[in-house]
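Working notes for the structure below.
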Amino acid sequence: MFQRILVPVDMSSPEAGLRSCPRANEMAEAWGSQVQIMTVLPGFSMPMVASYFPKNAMEDMRAKMTKDLEKLAQELFTTMPEINVRSGKRAHEILEETKSWNADLIVFGCRPKDVLGGELMLGSCGTTVAERAVCSVLVAR
């Protein structure tokens, strides 16, 4: 059914990934799909912002996030998925990766919000991805 499954995981609150990764693994096993898990680091694109961080801060963060994603993937996937760490605005980077990798499904984890009815709501990133994606989006709750 789906050949390429993209699984964005917010490593600052990975509990959503604990919902999305098992669903993506089940589908990948059933359909023989390729899986990519990704995370997005905040961008330091403004020179003034970048000047407050050591020169190698972004490379160090990227290496740590790659290692953390690999550990998560080993725990939650039967077959090791591709790992991708991007930087920038989360929704934008997820949508760009969807296009460049030709994903035909995004499995997005959702964590309940701290408001009345929050278990039914997506955050701003999830809402943007669901509204603008060029492929199907599954929200794992």
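Quick note on naming: the chains in the structure tokens go A, B, ... in the order shown, residues restart at 1 in each chain, and ligands are numbered from 1 in order of appearance.
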
Which of chain A end up as helix (DSSP H, G or I) when DSSP is run on this backbone - answer as a PyMOL selection string? chain A and resi 14-31+47-50+57-76+90-101+118-120+124-132

Which value, in Å to one decimal, gives the distance between CA of Val129 in chain A and CA of Asn102 in chain A?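 Between CA of Val129 in chain A and CA of Asn102 in chain A the gap works out to 14.9 Å.
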
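Nearest to Arg86 in chain A of all the residues A:Arg141, A:Arg62, A:Arg19, A:Lys67 is A:Arg62, based on only C-alpha atoms.
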
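In terms of minimum interatomic distance to Glu82 in chain A, A:Ile37 ranks closest within A:Leu69, A:Val107, A:Ile37, A:Cys21, counting only C-alpha atoms.
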
Near-Gly32 in chain A list (10 Å; only C-alpha atoms; drop same-chain fewer than 6 positions) as a VMD selection string: chain A and resid 1 to 4 25 to 26

Write the residues of the selection above to a file with N, CA and C atoms, as a CSV table (one decimal), in the first residue's frame.
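That gives us selection-v9.csv:
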```csv
chain,number,residue,atom,x,y,z
A,1,MET,N,0.8,-1.2,0.0
A,1,MET,CA,0.0,0.0,0.0
A,1,MET,C,0.9,1.3,0.0
A,2,PHE,N,1.5,1.6,1.1
A,2,PHE,CA,2.4,2.7,1.2
A,2,PHE,C,3.9,2.2,1.0
A,3,GLN,N,4.6,2.8,0.2
A,3,GLN,CA,6.0,2.4,-0.1
A,3,GLN,C,7.1,3.1,0.8
A,4,ARG,N,6.8,4.4,1.0
A,4,ARG,CA,7.8,5.2,1.8
A,4,ARG,C,7.1,6.0,2.9
A,25,ASN,N,6.3,1.0,12.1
A,25,ASN,CA,6.9,-0.3,12.1
A,25,ASN,C,5.9,-1.4,11.6
A,26,GLU,N,4.7,-1.4,12.2
A,26,GLU,CA,3.7,-2.4,11.8
A,26,GLU,C,3.4,-2.3,10.3
```

My list of candidates is A:Pro14, A:Ala91, A:Ala28, A:Ala103. Which is closest to Gly123 in chain A when distances are computed with only C-alpha atoms?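 With only C-alpha atoms as the atom set, the closest residue is A:Ala91.
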
Please determine, counting only C-alpha atoms, which residue among A:Val7, A:Cys125, A:Val85, A:Met65 has the shortest atom-to-atom distance to Thr98 in chain A. A:Val7

Give the strand (DSSP E) residues of range 23-93 of chain A, as DSSP finds them on the backbone, and put them as a PyMOL selection string. chain A and resi 34-41+82-87

Can you spit out the residues from that selection as a JSON list (two decimals), in the first residue's frame, using all heavy atoms?
```json
[["chain", "number", "residue", "atom", "x", "y", "z"],
["A", 34, "GLN", "N", 9.67, 1.20, 2.95],
["A", 34, "GLN", "CA", 10.86, 1.87, 3.46],
["A", 34, "GLN", "C", 10.40, 2.87, 4.50],
["A", 34, "GLN", "O", 9.34, 3.49, 4.35],
["A", 34, "GLN", "CB", 11.59, 2.62, 2.35],
["A", 34, "GLN", "CG", 12.23, 1.73, 1.31],
["A", 34, "GLN", "CD", 12.89, 2.61, 0.25],
["A", 34, "GLN", "OE1", 12.24, 3.45, -0.36],
["A", 34, "GLN", "NE2", 14.18, 2.39, 0.05],
["A", 35, "VAL", "N", 11.21, 3.06, 5.54],
["A", 35, "VAL", "CA", 10.87, 4.01, 6.60],
["A", 35, "VAL", "C", 12.04, 4.94, 6.82],
["A", 35, "VAL", "O", 13.20, 4.53, 6.79],
["A", 35, "VAL", "CB", 10.53, 3.29, 7.92],
["A", 35, "VAL", "CG1", 10.25, 4.29, 9.03],
["A", 35, "VAL", "CG2", 9.34, 2.35, 7.75],
["A", 36, "GLN", "N", 11.70, 6.19, 7.03],
["A", 36, "GLN", "CA", 12.70, 7.17, 7.44],
["A", 36, "GLN", "C", 12.17, 7.87, 8.68],
["A", 36, "GLN", "O", 11.03, 8.32, 8.70],
["A", 36, "GLN", "CB", 12.93, 8.22, 6.35],
["A", 36, "GLN", "CG", 13.96, 9.26, 6.76],
["A", 36, "GLN", "CD", 14.05, 10.42, 5.80],
["A", 36, "GLN", "OE1", 13.97, 11.56, 6.24],
["A", 36, "GLN", "NE2", 14.22, 10.16, 4.52],
["A", 37, "ILE", "N", 12.98, 7.90, 9.74],
["A", 37, "ILE", "CA", 12.61, 8.72, 10.88],
["A", 37, "ILE", "C", 13.48, 9.97, 10.84],
["A", 37, "ILE", "O", 14.65, 9.92, 10.43],
["A", 37, "ILE", "CB", 12.70, 7.99, 12.24],
["A", 37, "ILE", "CG1", 14.11, 7.51, 12.54],
["A", 37, "ILE", "CG2", 11.72, 6.86, 12.31],
["A", 37, "ILE", "CD1", 14.25, 6.93, 13.94],
["A", 38, "MET", "N", 12.87, 11.07, 11.21],
["A", 38, "MET", "CA", 13.60, 12.33, 11.13],
["A", 38, "MET", "C", 13.28, 13.20, 12.34],
["A", 38, "MET", "O", 12.26, 13.00, 13.01],
["A", 38, "MET", "CB", 13.24, 13.09, 9.85],
["A", 38, "MET", "CG", 11.82, 13.62, 9.82],
["A", 38, "MET", "SD", 11.44, 14.70, 8.40],
["A", 38, "MET", "CE", 12.46, 16.11, 8.73],
["A", 39, "THR", "N", 14.15, 14.13, 12.61],
["A", 39, "THR", "CA", 13.90, 15.17, 13.59],
["A", 39, "THR", "C", 14.41, 16.46, 13.00],
["A", 39, "THR", "O", 15.21, 16.46, 12.06],
["A", 39, "THR", "CB", 14.55, 14.84, 14.95],
["A", 39, "THR", "OG1", 13.99, 15.68, 15.95],
["A", 39, "THR", "CG2", 16.06, 15.00, 14.92],
["A", 40, "VAL", "N", 13.94, 17.56, 13.56],
["A", 40, "VAL", "CA", 14.34, 18.87, 13.06],
["A", 40, "VAL", "C", 14.92, 19.68, 14.22],
["A", 40, "VAL", "O", 14.26, 19.87, 15.25],
["A", 40, "VAL", "CB", 13.15, 19.63, 12.44],
["A", 40, "VAL", "CG1", 13.60, 20.99, 11.91],
["A", 40, "VAL", "CG2", 12.52, 18.81, 11.32],
["A", 41, "LEU", "N", 16.16, 20.11, 14.04],
["A", 41, "LEU", "CA", 16.81, 20.97, 15.02],
["A", 41, "LEU", "C", 16.43, 22.41, 14.74],
["A", 41, "LEU", "O", 16.20, 22.77, 13.58],
["A", 41, "LEU", "CB", 18.34, 20.84, 14.90],
["A", 41, "LEU", "CG", 18.93, 19.47, 15.14],
["A", 41, "LEU", "CD1", 20.41, 19.47, 14.81],
["A", 41, "LEU", "CD2", 18.71, 19.05, 16.58],
["A", 82, "GLU", "N", 15.93, 4.56, 7.76],
["A", 82, "GLU", "CA", 16.86, 5.65, 7.47],
["A", 82, "GLU", "C", 16.72, 6.69, 8.58],
["A", 82, "GLU", "O", 15.64, 6.86, 9.14],
["A", 82, "GLU", "CB", 16.51, 6.32, 6.13],
["A", 82, "GLU", "CG", 16.76, 5.45, 4.93],
["A", 82, "GLU", "CD", 16.44, 6.19, 3.63],
["A", 82, "GLU", "OE1", 16.67, 7.43, 3.55],
["A", 82, "GLU", "OE2", 15.94, 5.53, 2.72],
["A", 83, "ILE", "N", 17.81, 7.38, 8.87],
["A", 83, "ILE", "CA", 17.83, 8.41, 9.90],
["A", 83, "ILE", "C", 18.13, 9.74, 9.21],
["A", 83, "ILE", "O", 19.02, 9.82, 8.38],
["A", 83, "ILE", "CB", 18.92, 8.13, 10.96],
["A", 83, "ILE", "CG1", 18.77, 6.74, 11.57],
["A", 83, "ILE", "CG2", 18.96, 9.22, 12.01],
["A", 83, "ILE", "CD1", 17.56, 6.52, 12.41],
["A", 84, "ASN", "N", 17.38, 10.78, 9.59],
["A", 84, "ASN", "CA", 17.60, 12.08, 8.97],
["A", 84, "ASN", "C", 17.43, 13.16, 10.03],
["A", 84, "ASN", "O", 16.44, 13.18, 10.75],
["A", 84, "ASN", "CB", 16.60, 12.30, 7.83],
["A", 84, "ASN", "CG", 16.89, 13.54, 7.02],
["A", 84, "ASN", "OD1", 17.78, 14.32, 7.33],
["A", 84, "ASN", "ND2", 16.11, 13.74, 5.98],
["A", 85, "VAL", "N", 18.42, 14.05, 10.12],
["A", 85, "VAL", "CA", 18.35, 15.19, 11.03],
["A", 85, "VAL", "C", 18.48, 16.45, 10.17],
["A", 85, "VAL", "O", 19.48, 16.63, 9.49],
["A", 85, "VAL", "CB", 19.48, 15.15, 12.09],
["A", 85, "VAL", "CG1", 19.41, 16.37, 12.99],
["A", 85, "VAL", "CG2", 19.39, 13.87, 12.91],
["A", 86, "ARG", "N", 17.45, 17.26, 10.20],
["A", 86, "ARG", "CA", 17.44, 18.51, 9.45],
["A", 86, "ARG", "C", 17.41, 19.66, 10.45],
["A", 86, "ARG", "O", 17.18, 19.46, 11.64],
["A", 86, "ARG", "CB", 16.21, 18.58, 8.54],
["A", 86, "ARG", "CG", 16.25, 17.54, 7.42],
["A", 86, "ARG", "CD", 15.03, 17.61, 6.56],
["A", 86, "ARG", "NE", 15.02, 18.83, 5.75],
["A", 86, "ARG", "CZ", 14.82, 18.86, 4.43],
["A", 86, "ARG", "NH1", 14.60, 17.74, 3.77],
["A", 86, "ARG", "NH2", 14.79, 20.00, 3.78],
["A", 87, "SER", "N", 17.62, 20.87, 9.95],
["A", 87, "SER", "CA", 17.52, 22.04, 10.82],
["A", 87, "SER", "C", 16.68, 23.11, 10.13],
["A", 87, "SER", "O", 16.68, 23.22, 8.90],
["A", 87, "SER", "CB", 18.90, 22.58, 11.18],
["A", 87, "SER", "OG", 19.58, 23.01, 10.02]]
```

Length of the CA of Asp104 in chain A to CA of Ile5 in chain A vector [Å]: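 Answer for the CA of Asp104 in chain A to CA of Ile5 in chain A separation: 6.4 Å.
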
Given only C-alpha atoms as the counted atoms, nearest of A:Gly126, A:Phe108, A:His92, A:Ser13 to Val139 in chain A: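 Going through A:Gly126, A:Phe108, A:His92, A:Ser13 one by one, the smallest distance to Val139 in chain A is for A:Phe108.
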
Residue nearest Phe77 in chain A among A:Ser20, A:Asn56, A:Ser12, A:Ser136 (counting only C-alpha atoms):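 Among the listed residues, A:Ser20 lies closest to Phe77 in chain A.
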